[in-house]
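File shown: protein-v5.txt (compact mmCIF, C-alpha atoms and all ligand atoms).
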```txt
# COMPACT_ATOMS: atom_id res chain seq x y z
CA MET A 126 0.00 0.00 0.00
CA THR A 127 1.48 3.37 -1.04
CA THR A 128 0.24 6.91 -0.61
CA GLY A 129 2.69 8.39 -3.15
CA PRO A 130 2.59 8.06 -6.93
CA ASN A 131 1.74 4.63 -8.33
CA ILE A 132 4.42 5.08 -10.98
CA LYS A 133 7.67 6.97 -10.39
CA LEU A 134 10.58 7.09 -12.80
CA THR A 135 13.80 8.86 -11.87
CA GLY A 136 16.46 9.32 -14.53
CA VAL A 137 15.30 6.17 -16.33
CA ALA A 138 17.15 5.24 -19.52
CA LYS A 139 17.26 2.19 -21.76
CA ILE A 140 19.89 1.49 -24.37
CA TYR A 141 19.47 -1.50 -26.69
CA GLY A 142 23.02 -2.27 -27.86
CA THR A 143 24.02 1.18 -29.07
CA THR A 144 20.43 2.43 -29.64
CA PRO A 145 19.19 4.75 -26.91
CA ALA A 146 15.45 3.98 -26.73
CA VAL A 147 14.63 6.01 -23.59
CA LYS A 148 16.84 8.78 -22.20
CA ALA A 149 16.86 9.96 -18.55
CA VAL A 150 13.10 10.17 -18.05
CA ASP A 151 11.65 11.61 -14.81
CA LEU A 152 7.95 10.96 -14.40
CA ALA A 153 5.39 10.39 -11.65
CA VAL A 154 1.74 9.36 -12.04
CA ALA A 155 -0.62 9.62 -9.08
CA PRO A 156 -3.50 7.36 -8.03
CA GLY A 157 -6.69 8.48 -9.81
CA GLU A 158 -4.72 10.08 -12.64
CA CYS A 159 -4.67 9.25 -16.35
CA LEU A 160 -1.45 10.03 -18.21
CA ALA A 161 -1.16 9.61 -21.97
CA LEU A 162 2.18 8.70 -23.45
CA VAL A 163 2.46 10.03 -26.99
CA GLY A 164 5.30 10.08 -29.50
CA HIS A 165 6.30 9.17 -33.04
CA ASN A 166 6.99 5.55 -34.06
CA GLY A 167 10.10 4.43 -32.24
CA ALA A 168 9.94 7.29 -29.69
CA GLY A 169 10.31 4.83 -26.80
CA LYS A 170 6.72 4.47 -25.54
CA SER A 171 6.61 0.65 -25.56
CA THR A 172 10.07 0.43 -24.01
CA LEU A 173 8.98 2.73 -21.20
CA ILE A 174 5.82 0.67 -20.63
CA LYS A 175 7.82 -2.58 -20.63
CA MET A 176 10.17 -1.13 -18.01
CA VAL A 177 7.21 -0.15 -15.80
CA LEU A 178 5.84 -3.70 -16.16
CA GLY A 179 9.23 -5.17 -15.27
CA LEU A 180 9.55 -6.88 -18.68
CA VAL A 181 12.61 -4.84 -19.66
CA GLN A 182 15.39 -3.85 -17.28
CA PRO A 183 16.41 -0.16 -17.40
CA SER A 184 20.05 0.57 -18.31
CA SER A 185 20.08 3.26 -15.62
CA GLY A 186 17.77 5.13 -13.27
CA GLU A 187 15.16 4.03 -10.79
CA ILE A 188 11.59 2.86 -11.21
CA SER A 189 9.02 2.47 -8.49
CA VAL A 190 5.64 0.91 -9.26
CA MET A 191 3.23 0.94 -6.32
CA GLY A 192 6.27 1.40 -4.11
CA LEU A 193 8.37 -1.46 -5.51
CA ASP A 194 11.11 -1.81 -8.11
CA PRO A 195 9.58 -3.90 -10.95
CA GLN A 196 12.85 -5.87 -11.08
CA ALA A 197 12.63 -6.79 -7.36
CA PRO A 198 11.70 -10.43 -6.56
CA GLY A 199 8.68 -9.29 -4.48
CA PHE A 200 7.17 -7.45 -7.47
CA HIS A 201 5.51 -10.66 -8.62
CA ALA A 202 2.95 -10.32 -5.80
CA LEU A 203 1.85 -6.93 -7.19
CA ARG A 204 1.03 -8.25 -10.66
CA LYS A 205 -2.58 -8.97 -9.71
CA ASP A 206 -2.96 -5.21 -9.13
CA ILE A 207 -1.78 -4.38 -12.65
CA GLY A 208 -3.96 -4.63 -15.75
CA PHE A 209 -2.20 -4.55 -19.10
CA LEU A 210 -3.65 -4.30 -22.58
CA PRO A 211 -0.82 -4.94 -25.07
CA GLU A 212 -0.73 -3.26 -28.48
CA GLN A 213 -1.39 -6.61 -30.19
CA VAL A 214 -3.98 -8.71 -28.41
CA LEU A 215 -3.53 -12.39 -29.16
CA PHE A 216 -6.06 -14.95 -27.95
CA GLN A 217 -6.73 -18.63 -28.64
CA ASN A 218 -9.28 -18.59 -31.47
CA ASN A 219 -10.92 -21.86 -30.47
CA MET A 220 -11.73 -20.65 -26.94
CA THR A 221 -14.84 -18.62 -26.12
CA GLY A 222 -14.62 -15.14 -24.64
CA ARG A 223 -15.81 -16.49 -21.30
CA GLU A 224 -13.24 -19.33 -21.25
CA THR A 225 -10.54 -16.79 -22.05
CA LEU A 226 -11.48 -14.35 -19.28
CA SER A 227 -11.92 -17.26 -16.82
CA PHE A 228 -8.39 -18.38 -17.64
CA TYR A 229 -6.94 -14.91 -16.97
CA ALA A 230 -9.10 -14.46 -13.84
CA ARG A 231 -7.71 -17.73 -12.41
CA LEU A 232 -4.17 -16.58 -13.19
CA LYS A 233 -4.82 -13.37 -11.28
CA GLY A 234 -6.73 -15.06 -8.46
CA ALA A 235 -9.75 -12.86 -9.25
CA PRO A 236 -13.33 -14.04 -8.55
CA LEU A 237 -15.02 -15.62 -11.58
CA ASP A 238 -18.42 -14.20 -10.64
CA SER A 239 -17.22 -10.73 -11.70
CA LEU A 240 -16.85 -11.78 -15.33
CA ASP A 241 -20.44 -11.04 -16.40
CA ASP A 242 -19.99 -7.46 -15.20
CA LEU A 243 -16.83 -7.19 -17.26
CA PHE A 244 -18.55 -8.52 -20.38
CA HIS A 245 -21.31 -5.94 -19.88
CA LYS A 246 -18.74 -3.18 -19.35
CA VAL A 247 -17.09 -3.79 -22.72
CA ASP A 248 -20.41 -4.57 -24.42
CA LEU A 249 -19.55 -8.21 -25.14
CA PHE A 250 -22.08 -9.97 -22.92
CA ALA A 251 -24.12 -11.30 -25.85
CA ALA A 252 -20.98 -12.78 -27.43
CA ALA A 253 -19.36 -14.08 -24.24
CA ASP A 254 -20.01 -17.75 -25.13
CA GLN A 255 -18.99 -17.46 -28.78
CA ARG A 256 -15.62 -18.67 -29.97
CA ILE A 257 -13.08 -15.88 -30.46
CA SER A 258 -12.67 -17.01 -34.10
CA THR A 259 -16.11 -15.44 -34.68
CA TYR A 260 -15.12 -12.10 -33.09
CA SER A 261 -14.48 -8.97 -35.16
CA LYS A 262 -11.28 -6.96 -34.66
CA GLY A 263 -13.11 -4.50 -32.42
CA MET A 264 -14.59 -7.33 -30.33
CA ARG A 265 -11.13 -8.82 -29.80
CA GLN A 266 -9.85 -5.41 -28.74
CA ARG A 267 -12.73 -5.07 -26.26
CA LEU A 268 -12.03 -8.57 -24.92
CA GLY A 269 -8.43 -7.44 -24.44
CA LEU A 270 -9.65 -4.46 -22.45
CA ALA A 271 -11.89 -6.71 -20.33
CA GLN A 272 -8.85 -8.93 -19.68
CA ALA A 273 -6.91 -5.86 -18.46
CA LEU A 274 -9.77 -4.88 -16.14
CA ILE A 275 -9.91 -8.25 -14.34
CA GLY A 276 -9.57 -7.79 -10.58
CA SER A 277 -10.09 -3.97 -10.69
CA PRO A 278 -6.36 -3.23 -10.96
CA LYS A 279 -4.81 -0.25 -9.20
CA LEU A 280 -2.62 0.33 -12.24
CA LEU A 281 -4.07 0.07 -15.72
CA ILE A 282 -1.65 0.19 -18.64
CA LEU A 283 -3.32 0.40 -22.02
CA ASP A 284 -1.31 0.36 -25.24
CA GLU A 285 -3.46 1.88 -28.03
CA PRO A 286 -6.73 0.98 -26.24
CA THR A 287 -9.04 2.40 -28.93
CA SER A 288 -7.24 0.92 -31.92
CA GLY A 289 -9.72 -0.63 -34.36
CA LEU A 290 -12.77 0.58 -32.40
CA ASP A 291 -15.78 2.47 -33.77
CA PRO A 292 -16.66 5.90 -32.27
CA VAL A 293 -19.21 4.52 -29.79
CA SER A 294 -16.78 1.88 -28.49
CA ARG A 295 -14.03 4.52 -28.28
CA GLN A 296 -16.26 6.69 -26.14
CA ASN A 297 -17.01 3.64 -23.99
CA VAL A 298 -13.28 3.05 -23.42
CA TYR A 299 -12.89 6.56 -21.98
CA GLY A 300 -15.96 5.94 -19.80
CA ILE A 301 -14.26 2.80 -18.46
CA ILE A 302 -11.02 4.73 -17.88
CA ASN A 303 -12.91 7.42 -15.95
CA ALA A 304 -14.63 4.80 -13.80
CA ALA A 305 -11.24 3.20 -13.02
CA LYS A 306 -9.86 6.64 -12.10
CA ARG A 307 -12.81 7.29 -9.80
CA ASP A 308 -11.95 4.03 -8.04
CA GLY A 309 -8.44 5.44 -7.51
CA ALA A 310 -6.62 3.57 -10.29
CA THR A 311 -3.66 5.06 -12.12
CA VAL A 312 -4.12 4.82 -15.88
CA LEU A 313 -1.23 4.98 -18.34
CA ILE A 314 -2.26 5.04 -22.01
CA SER A 315 0.02 4.92 -25.00
CA SER A 316 -1.70 6.32 -28.05
CA HIS A 317 -1.36 7.79 -31.51
CA ALA A 318 -5.02 8.88 -31.50
CA LEU A 319 -4.18 12.41 -30.40
CA THR A 320 -7.46 14.06 -31.40
CA GLU A 321 -9.53 11.87 -29.11
CA LEU A 322 -7.17 12.26 -26.12
CA ASP A 323 -7.78 16.01 -25.90
CA ALA A 324 -10.09 16.70 -22.91
CA ARG A 325 -10.18 13.04 -21.91
CA ILE A 326 -6.88 12.69 -20.06
CA ASP A 327 -5.33 14.52 -17.11
CA ARG A 328 -1.78 14.94 -18.41
CA VAL A 329 0.25 14.06 -21.43
CA ALA A 330 3.91 13.00 -21.73
CA ILE A 331 5.44 13.66 -25.15
CA LEU A 332 8.38 11.44 -26.07
CA SER A 333 10.63 12.24 -28.98
CA ARG A 334 13.58 10.00 -29.85
CA GLY A 335 13.62 8.69 -26.28
CA ASP A 336 13.53 12.16 -24.68
CA LEU A 337 10.62 13.32 -22.58
CA VAL A 338 10.20 16.69 -24.33
CA ALA A 339 7.01 17.77 -22.56
CA LEU A 340 4.96 16.71 -19.56
CA GLY A 341 1.82 18.38 -18.24
CA ARG A 342 -1.80 19.28 -18.77
CA ILE A 343 -2.55 19.88 -22.44
CA ALA A 344 -3.79 23.42 -21.67
CA ASP A 345 -0.50 24.23 -19.89
CA LEU A 346 1.64 22.78 -22.68
CA ARG A 347 -0.37 24.79 -25.19
CA ARG A 348 0.31 27.93 -23.19
CA ASN A 349 4.00 27.13 -22.62
CA ILE A 350 4.74 26.59 -26.27
CA GLY A 351 2.94 29.82 -27.15
CA LEU A 352 0.68 28.43 -29.87
CA ALA A 353 -2.05 30.90 -30.75
CA SER A 354 -5.76 30.16 -30.59
CA ASP A 355 -7.87 31.27 -33.55
CA VAL A 356 -10.95 33.38 -32.87
CA THR A 357 -13.31 33.27 -35.84
CA LEU A 358 -15.86 36.06 -36.14
CA ARG A 359 -18.73 36.22 -38.61
CA ALA A 360 -20.68 39.38 -39.28
CA ALA A 361 -22.29 41.54 -41.98
CA PRO A 362 -19.88 43.66 -44.12
CA ASP A 363 -20.66 46.94 -42.29
CA VAL A 364 -19.90 45.31 -38.92
CA MET A 365 -16.70 43.79 -40.34
CA ALA A 366 -15.64 47.27 -41.41
CA LYS A 367 -16.17 48.54 -37.84
CA LEU A 368 -14.14 45.62 -36.48
CA ALA A 369 -11.34 46.35 -38.96
CA GLN A 370 -11.33 49.96 -37.80
CA HIS A 371 -11.31 49.01 -34.12
CA PHE A 372 -8.42 46.55 -34.54
CA ASP A 373 -6.45 48.79 -36.90
CA GLY A 374 -2.77 48.41 -36.08
CA VAL A 375 -3.38 45.05 -34.30
CA TYR A 376 -4.72 43.01 -37.24
CA SER A 377 -4.25 44.00 -40.90
CA PRO A 378 -7.42 44.92 -42.86
CA ASP A 379 -6.96 41.68 -44.90
CA HIS A 380 -8.33 39.78 -41.90
CA PHE A 381 -11.77 41.40 -42.20
CA ILE A 382 -12.98 40.58 -45.69
CA ASN A 383 -15.80 38.30 -46.93
CA GLY A 384 -17.80 38.34 -43.70
CA THR A 385 -15.40 36.08 -41.76
CA ALA A 386 -12.39 37.18 -39.72
CA ILE A 387 -9.95 34.59 -38.31
CA LEU A 388 -7.88 36.34 -35.67
CA PRO A 389 -4.93 34.61 -33.97
CA CYS A 390 -4.83 35.30 -30.25
CA ALA A 391 -2.30 34.34 -27.53
CA PRO A 392 -3.88 31.79 -25.13
CA ASP A 393 -3.40 34.04 -22.07
CA GLN A 394 -5.10 36.99 -23.85
CA LYS A 395 -8.09 35.02 -25.11
CA VAL A 396 -10.53 35.91 -22.32
CA GLU A 397 -9.56 39.59 -22.40
CA PHE A 398 -9.94 39.62 -26.18
CA LEU A 399 -13.45 38.13 -25.98
CA ARG A 400 -14.39 40.69 -23.30
CA GLU A 401 -13.19 43.48 -25.60
CA LEU A 402 -15.37 42.08 -28.38
CA VAL A 403 -18.45 41.98 -26.14
CA ASP A 404 -17.78 45.58 -25.01
CA LEU A 405 -17.80 46.71 -28.65
CA ASN A 406 -21.49 45.80 -28.69
CA LEU A 407 -21.47 44.96 -32.39
CA GLU A 408 -23.89 42.55 -34.02
CA LEU A 409 -21.80 39.45 -34.69
CA SER A 410 -23.54 36.44 -36.21
CA ASP A 411 -21.03 33.91 -34.80
CA ILE A 412 -17.93 33.58 -32.62
CA VAL A 413 -15.88 30.35 -32.61
CA VAL A 414 -12.72 29.87 -30.57
CA HIS A 415 -10.38 27.17 -31.82
CA ASP A 416 -7.55 26.18 -29.46
CA PRO A 417 -4.54 24.39 -30.93
CA SER A 418 -5.27 20.65 -30.95
CA LEU A 419 -3.10 18.13 -29.11
CA GLU A 420 -1.83 17.17 -32.57
CA GLU A 421 -0.58 20.75 -33.15
CA VAL A 422 0.91 20.88 -29.63
CA PHE A 423 2.60 17.51 -30.27
CA MET A 424 4.01 18.68 -33.61
CA ALA A 425 5.34 21.89 -32.04
CA TYR A 426 7.09 20.04 -29.19
CA SER A 427 8.42 17.34 -31.52
CA ARG A 428 9.87 20.00 -33.84
CA GLY A 429 11.56 21.63 -30.85
CA ALA A 430 12.83 18.29 -29.48
CA GLY A 431 16.41 18.37 -28.37
CA GLY A 432 15.92 21.77 -26.77
CA GLU A 433 14.86 22.50 -23.23
CA LYS A 434 12.27 20.23 -21.60
CA SER A 435 8.96 21.89 -20.86
CA HIS A 436 7.04 20.63 -17.88
CA GLY A 437 3.70 22.37 -17.54
N1 LIG B 501 14.24 -5.40 -28.35
C1 LIG B 501 14.80 -4.38 -28.97
N2 LIG B 501 16.09 -4.48 -29.44
C2 LIG B 501 16.69 -3.44 -30.05
N3 LIG B 501 16.10 -2.24 -30.26
C3 LIG B 501 14.84 -2.08 -29.83
C4 LIG B 501 14.13 -3.14 -29.17
N4 LIG B 501 12.90 -2.67 -28.85
C5 LIG B 501 12.84 -1.41 -29.29
N5 LIG B 501 14.00 -1.04 -29.87
C6 LIG B 501 14.33 0.28 -30.43
O1 LIG B 501 14.09 1.24 -29.41
C7 LIG B 501 13.49 2.42 -29.94
C8 LIG B 501 12.16 2.67 -29.25
O2 LIG B 501 11.25 1.65 -29.63
P1 LIG B 501 9.80 1.50 -28.96
O3 LIG B 501 9.21 0.23 -29.46
O4 LIG B 501 9.91 1.69 -27.50
O5 LIG B 501 9.04 2.76 -29.60
P2 LIG B 501 7.49 3.14 -29.63
O6 LIG B 501 7.42 4.59 -29.26
O7 LIG B 501 6.70 2.19 -28.81
O8 LIG B 501 7.13 2.98 -31.17
P3 LIG B 501 5.73 2.60 -31.91
O9 LIG B 501 4.84 3.82 -31.81
O10 LIG B 501 6.17 2.35 -33.30
O11 LIG B 501 5.15 1.40 -31.23
C9 LIG B 501 13.38 2.18 -31.44
O12 LIG B 501 14.51 2.75 -32.05
C10 LIG B 501 13.40 0.66 -31.57
O13 LIG B 501 13.96 0.27 -32.81
```
Render the structure in this file as structure tokens.
Ligand SMILES: Nc1ncnc2c1ncn2[C@@H]1O[C@H](COP(=O)(O)OP(=O)(O)OP(=O)(O)O)[C@@H](O)[C@H]1O
Amino acid sequence: MTTGPNIKLTGVAKIYGTTPAVKAVDLAVAPGECLALVGHNGAGKSTLIKMVLGLVQPSSGEISVMGLDPQAPGFHALRKDIGFLPEQVLFQNNMTGRETLSFYARLKGAPLDSLDDLFHKVDLFAAADQRISTYSKGMRQRLGLAQALIGSPKLLILDEPTSGLDPVSRQNVYGIINAAKRDGATVLISSHALTELDARIDRVAILSRGDLVALGRIADLRRNIGLASDVTLRAAPDVMAKLAQHFDGVYSPDHFINGTAILPCAPDQKVEFLRELVDLNLELSDIVVHDPSLEEVFMAYSRGAGGEKSHG
């Protein structure tokens, strides 16, 4: 039982032969928190996950998972508290979903009477007694998620959990993650699906060529990197002309043609800017604020990789 972070990495590095896969990463993830690990192919996400699971030994640094070093002999006893969904879920095709989950539940020493709940959770109850050979890709993925949830683990590690899922099932995955968080679990997700992570996770860790180039809340990273938000205004031509006049010297007149003005605005000036617009008391037909997406934030940090680390 720990009261500190469920995952803590201090100066953790992994070198395969001469290839540095992960370089001096410091990271802590608290109970009840969901952290997304993002990065290009080969950035080091899987290596980092394998080190947390104790499957790969770090070349240097220290890892603590629920208070124990994953390489310590006693770590075995904690495995029942860890749920892991690997990137590629492989099951025995001739077994049914229920036989498969029963097998994993026995391995984990988890009660078998909880399996129906799990099948309901991942929307597989109707197919629980079908052979896996009859499952679609999405159904296999959901069975993999159910397998990771066996025993209500305190640490849930999900590698590309929404891969191959339709929008409704994707939404359901985040519902499941939120429920696990509410129960105090730590959730670590590795994902390339950046658009859907926005607003669904607590913090993001951006890896680039093994370096942790950014760590924090998406809103903070957005602010730190100084990416502008776009404020789109729509109005009749006479109102546009008044706007152009008001913002003369701030935005060039080219911004205010054809009834739509797209005005870049620094994140920390956004609220003030909107207040100024309201005070103008002009008849606008629409206002839309577009913040830089996680994809844009990711691209900006990846481009700047190698420079100073930004921890929001
Ligand atoms: N067993 C291994 N032996 C040698 N090199 C490895 C091994 N596993 C990974 N690597 C190398 O380590 C680096 C990081 O790989 P890793 O699989 O951790 O990246 P990743 O971020 O998970 O990539 P992807 O998004 O493609 O899954 C890559 O350069 C990869 O080639």
Find the residues with any atom within 12 Å of (-10.6, 40.5, -42.0); use all atoms listed in the file and the coordinates as given in the file, and write the answer as an NGL selection string.
:A and (356-373 or 375-389)
Shell around range 230-242 of chain A at 6 Å using all atoms listed in the file, local window under 3 positions removed, as a ChimeraX atom specification
/A:205,226-227,245,276
Can you pull out every residue with an atom within 10 Å of ligand LIG 501 (chain B)? Use all atoms listed in the file and format it as an MDAnalysis selection string.
chainID A and resid 139:147 162:176 181 212 284:285 315:317 332:335
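CA of Asn219 in chain A is positioned 24.5 Å from CA of Ser294 in chain A.
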For Met220 in chain A, find every residue with an atom within 12 Å (counting only C-alpha atoms), except residues of its own chain fewer than 2 positions away, and show them as a PyMOL selection string.
chain A and resi 215-218+222-228+253-260
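The environment of Leu352 in chain A within 9 Å, counting only C-alpha atoms and disregarding residues fewer than 4 places along the same chain, consists of A:Arg347, A:Arg348, A:Cys390, A:Ala391, A:Pro392, A:Asp416, A:Pro417, A:Glu421, A:Val422, A:Ala425.
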Record the distance separating CA of Val298 in chain A and CA of Gln272 in chain A, expressed in Å with one decimal.
13.3 Å
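Closest to Ser185 in chain A among A:Leu160, A:Ala138, A:Ala155, A:Leu210 is A:Ala138, based on all atoms listed in the file.
The two atoms in question, CA of Leu270 in chain A and CA of Ile207 in chain A, are spaced 12.6 Å apart.
Among A:Leu249, A:Val312, A:Ala353, A:Leu290, the residue with the shortest atom-to-atom distance to Ala153 in chain A, counting all atoms listed in the file, is A:Val312.
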Just the residues within 10 Å of Asn131 in chain A, please, counting only C-alpha atoms, with nothing from its chain fewer than 4 positions along; format it as a ChimeraX atom specification.
/A:126-127,153-158,189-193,279-280,310-312
Write a file for range 165-266 of chain A, containing C-alpha atoms (output as a PDB file, in the first residue's frame).
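Dumped to decode-v6.pdb:
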```
ATOM      1  CA  HIS A 165       6.297   9.170 -33.038  1.00  0.00           C
ATOM      2  CA  ASN A 166       6.988   5.552 -34.055  1.00  0.00           C
ATOM      3  CA  GLY A 167      10.104   4.433 -32.241  1.00  0.00           C
ATOM      4  CA  ALA A 168       9.936   7.290 -29.693  1.00  0.00           C
ATOM      5  CA  GLY A 169      10.312   4.832 -26.801  1.00  0.00           C
ATOM      6  CA  LYS A 170       6.716   4.467 -25.542  1.00  0.00           C
ATOM      7  CA  SER A 171       6.611   0.647 -25.560  1.00  0.00           C
ATOM      8  CA  THR A 172      10.072   0.428 -24.014  1.00  0.00           C
ATOM      9  CA  LEU A 173       8.976   2.728 -21.205  1.00  0.00           C
ATOM     10  CA  ILE A 174       5.816   0.670 -20.626  1.00  0.00           C
ATOM     11  CA  LYS A 175       7.816  -2.580 -20.625  1.00  0.00           C
ATOM     12  CA  MET A 176      10.172  -1.131 -18.010  1.00  0.00           C
ATOM     13  CA  VAL A 177       7.206  -0.151 -15.805  1.00  0.00           C
ATOM     14  CA  LEU A 178       5.845  -3.699 -16.165  1.00  0.00           C
ATOM     15  CA  GLY A 179       9.233  -5.175 -15.272  1.00  0.00           C
ATOM     16  CA  LEU A 180       9.546  -6.883 -18.681  1.00  0.00           C
ATOM     17  CA  VAL A 181      12.608  -4.837 -19.661  1.00  0.00           C
ATOM     18  CA  GLN A 182      15.387  -3.851 -17.283  1.00  0.00           C
ATOM     19  CA  PRO A 183      16.407  -0.159 -17.404  1.00  0.00           C
ATOM     20  CA  SER A 184      20.047   0.569 -18.310  1.00  0.00           C
ATOM     21  CA  SER A 185      20.083   3.263 -15.615  1.00  0.00           C
ATOM     22  CA  GLY A 186      17.775   5.135 -13.270  1.00  0.00           C
ATOM     23  CA  GLU A 187      15.159   4.032 -10.786  1.00  0.00           C
ATOM     24  CA  ILE A 188      11.587   2.857 -11.214  1.00  0.00           C
ATOM     25  CA  SER A 189       9.023   2.471  -8.487  1.00  0.00           C
ATOM     26  CA  VAL A 190       5.636   0.912  -9.256  1.00  0.00           C
ATOM     27  CA  MET A 191       3.227   0.945  -6.321  1.00  0.00           C
ATOM     28  CA  GLY A 192       6.274   1.402  -4.106  1.00  0.00           C
ATOM     29  CA  LEU A 193       8.366  -1.458  -5.505  1.00  0.00           C
ATOM     30  CA  ASP A 194      11.109  -1.807  -8.109  1.00  0.00           C
ATOM     31  CA  PRO A 195       9.580  -3.898 -10.949  1.00  0.00           C
ATOM     32  CA  GLN A 196      12.852  -5.875 -11.075  1.00  0.00           C
ATOM     33  CA  ALA A 197      12.630  -6.790  -7.364  1.00  0.00           C
ATOM     34  CA  PRO A 198      11.696 -10.426  -6.563  1.00  0.00           C
ATOM     35  CA  GLY A 199       8.679  -9.295  -4.484  1.00  0.00           C
ATOM     36  CA  PHE A 200       7.167  -7.448  -7.471  1.00  0.00           C
ATOM     37  CA  HIS A 201       5.507 -10.659  -8.617  1.00  0.00           C
ATOM     38  CA  ALA A 202       2.951 -10.324  -5.803  1.00  0.00           C
ATOM     39  CA  LEU A 203       1.845  -6.930  -7.186  1.00  0.00           C
ATOM     40  CA  ARG A 204       1.033  -8.251 -10.657  1.00  0.00           C
ATOM     41  CA  LYS A 205      -2.578  -8.966  -9.707  1.00  0.00           C
ATOM     42  CA  ASP A 206      -2.962  -5.214  -9.128  1.00  0.00           C
ATOM     43  CA  ILE A 207      -1.778  -4.378 -12.646  1.00  0.00           C
ATOM     44  CA  GLY A 208      -3.956  -4.631 -15.746  1.00  0.00           C
ATOM     45  CA  PHE A 209      -2.202  -4.547 -19.103  1.00  0.00           C
ATOM     46  CA  LEU A 210      -3.650  -4.298 -22.581  1.00  0.00           C
ATOM     47  CA  PRO A 211      -0.818  -4.938 -25.069  1.00  0.00           C
ATOM     48  CA  GLU A 212      -0.726  -3.263 -28.476  1.00  0.00           C
ATOM     49  CA  GLN A 213      -1.388  -6.612 -30.186  1.00  0.00           C
ATOM     50  CA  VAL A 214      -3.981  -8.713 -28.406  1.00  0.00           C
ATOM     51  CA  LEU A 215      -3.535 -12.393 -29.163  1.00  0.00           C
ATOM     52  CA  PHE A 216      -6.065 -14.948 -27.954  1.00  0.00           C
ATOM     53  CA  GLN A 217      -6.735 -18.630 -28.638  1.00  0.00           C
ATOM     54  CA  ASN A 218      -9.276 -18.592 -31.470  1.00  0.00           C
ATOM     55  CA  ASN A 219     -10.925 -21.860 -30.472  1.00  0.00           C
ATOM     56  CA  MET A 220     -11.735 -20.652 -26.945  1.00  0.00           C
ATOM     57  CA  THR A 221     -14.837 -18.624 -26.120  1.00  0.00           C
ATOM     58  CA  GLY A 222     -14.620 -15.143 -24.643  1.00  0.00           C
ATOM     59  CA  ARG A 223     -15.812 -16.492 -21.302  1.00  0.00           C
ATOM     60  CA  GLU A 224     -13.239 -19.335 -21.253  1.00  0.00           C
ATOM     61  CA  THR A 225     -10.545 -16.791 -22.048  1.00  0.00           C
ATOM     62  CA  LEU A 226     -11.480 -14.351 -19.280  1.00  0.00           C
ATOM     63  CA  SER A 227     -11.923 -17.260 -16.823  1.00  0.00           C
ATOM     64  CA  PHE A 228      -8.389 -18.378 -17.639  1.00  0.00           C
ATOM     65  CA  TYR A 229      -6.942 -14.912 -16.966  1.00  0.00           C
ATOM     66  CA  ALA A 230      -9.101 -14.462 -13.842  1.00  0.00           C
ATOM     67  CA  ARG A 231      -7.711 -17.727 -12.406  1.00  0.00           C
ATOM     68  CA  LEU A 232      -4.168 -16.582 -13.194  1.00  0.00           C
ATOM     69  CA  LYS A 233      -4.825 -13.368 -11.283  1.00  0.00           C
ATOM     70  CA  GLY A 234      -6.727 -15.057  -8.461  1.00  0.00           C
ATOM     71  CA  ALA A 235      -9.747 -12.859  -9.246  1.00  0.00           C
ATOM     72  CA  PRO A 236     -13.325 -14.035  -8.553  1.00  0.00           C
ATOM     73  CA  LEU A 237     -15.019 -15.625 -11.577  1.00  0.00           C
ATOM     74  CA  ASP A 238     -18.423 -14.201 -10.643  1.00  0.00           C
ATOM     75  CA  SER A 239     -17.217 -10.728 -11.696  1.00  0.00           C
ATOM     76  CA  LEU A 240     -16.849 -11.777 -15.332  1.00  0.00           C
ATOM     77  CA  ASP A 241     -20.442 -11.044 -16.396  1.00  0.00           C
ATOM     78  CA  ASP A 242     -19.994  -7.462 -15.200  1.00  0.00           C
ATOM     79  CA  LEU A 243     -16.826  -7.185 -17.257  1.00  0.00           C
ATOM     80  CA  PHE A 244     -18.549  -8.517 -20.384  1.00  0.00           C
ATOM     81  CA  HIS A 245     -21.308  -5.938 -19.879  1.00  0.00           C
ATOM     82  CA  LYS A 246     -18.744  -3.181 -19.349  1.00  0.00           C
ATOM     83  CA  VAL A 247     -17.091  -3.791 -22.722  1.00  0.00           C
ATOM     84  CA  ASP A 248     -20.412  -4.567 -24.424  1.00  0.00           C
ATOM     85  CA  LEU A 249     -19.555  -8.210 -25.144  1.00  0.00           C
ATOM     86  CA  PHE A 250     -22.079  -9.972 -22.921  1.00  0.00           C
ATOM     87  CA  ALA A 251     -24.123 -11.301 -25.849  1.00  0.00           C
ATOM     88  CA  ALA A 252     -20.981 -12.776 -27.432  1.00  0.00           C
ATOM     89  CA  ALA A 253     -19.359 -14.082 -24.243  1.00  0.00           C
ATOM     90  CA  ASP A 254     -20.013 -17.746 -25.134  1.00  0.00           C
ATOM     91  CA  GLN A 255     -18.991 -17.460 -28.776  1.00  0.00           C
ATOM     92  CA  ARG A 256     -15.617 -18.670 -29.972  1.00  0.00           C
ATOM     93  CA  ILE A 257     -13.082 -15.879 -30.459  1.00  0.00           C
ATOM     94  CA  SER A 258     -12.666 -17.011 -34.097  1.00  0.00           C
ATOM     95  CA  THR A 259     -16.108 -15.441 -34.678  1.00  0.00           C
ATOM     96  CA  TYR A 260     -15.123 -12.100 -33.092  1.00  0.00           C
ATOM     97  CA  SER A 261     -14.483  -8.974 -35.165  1.00  0.00           C
ATOM     98  CA  LYS A 262     -11.279  -6.958 -34.657  1.00  0.00           C
ATOM     99  CA  GLY A 263     -13.112  -4.500 -32.422  1.00  0.00           C
ATOM    100  CA  MET A 264     -14.594  -7.334 -30.330  1.00  0.00           C
ATOM    101  CA  ARG A 265     -11.128  -8.821 -29.801  1.00  0.00           C
ATOM    102  CA  GLN A 266      -9.847  -5.414 -28.739  1.00  0.00           C
TER     103      GLN A 266
END
```
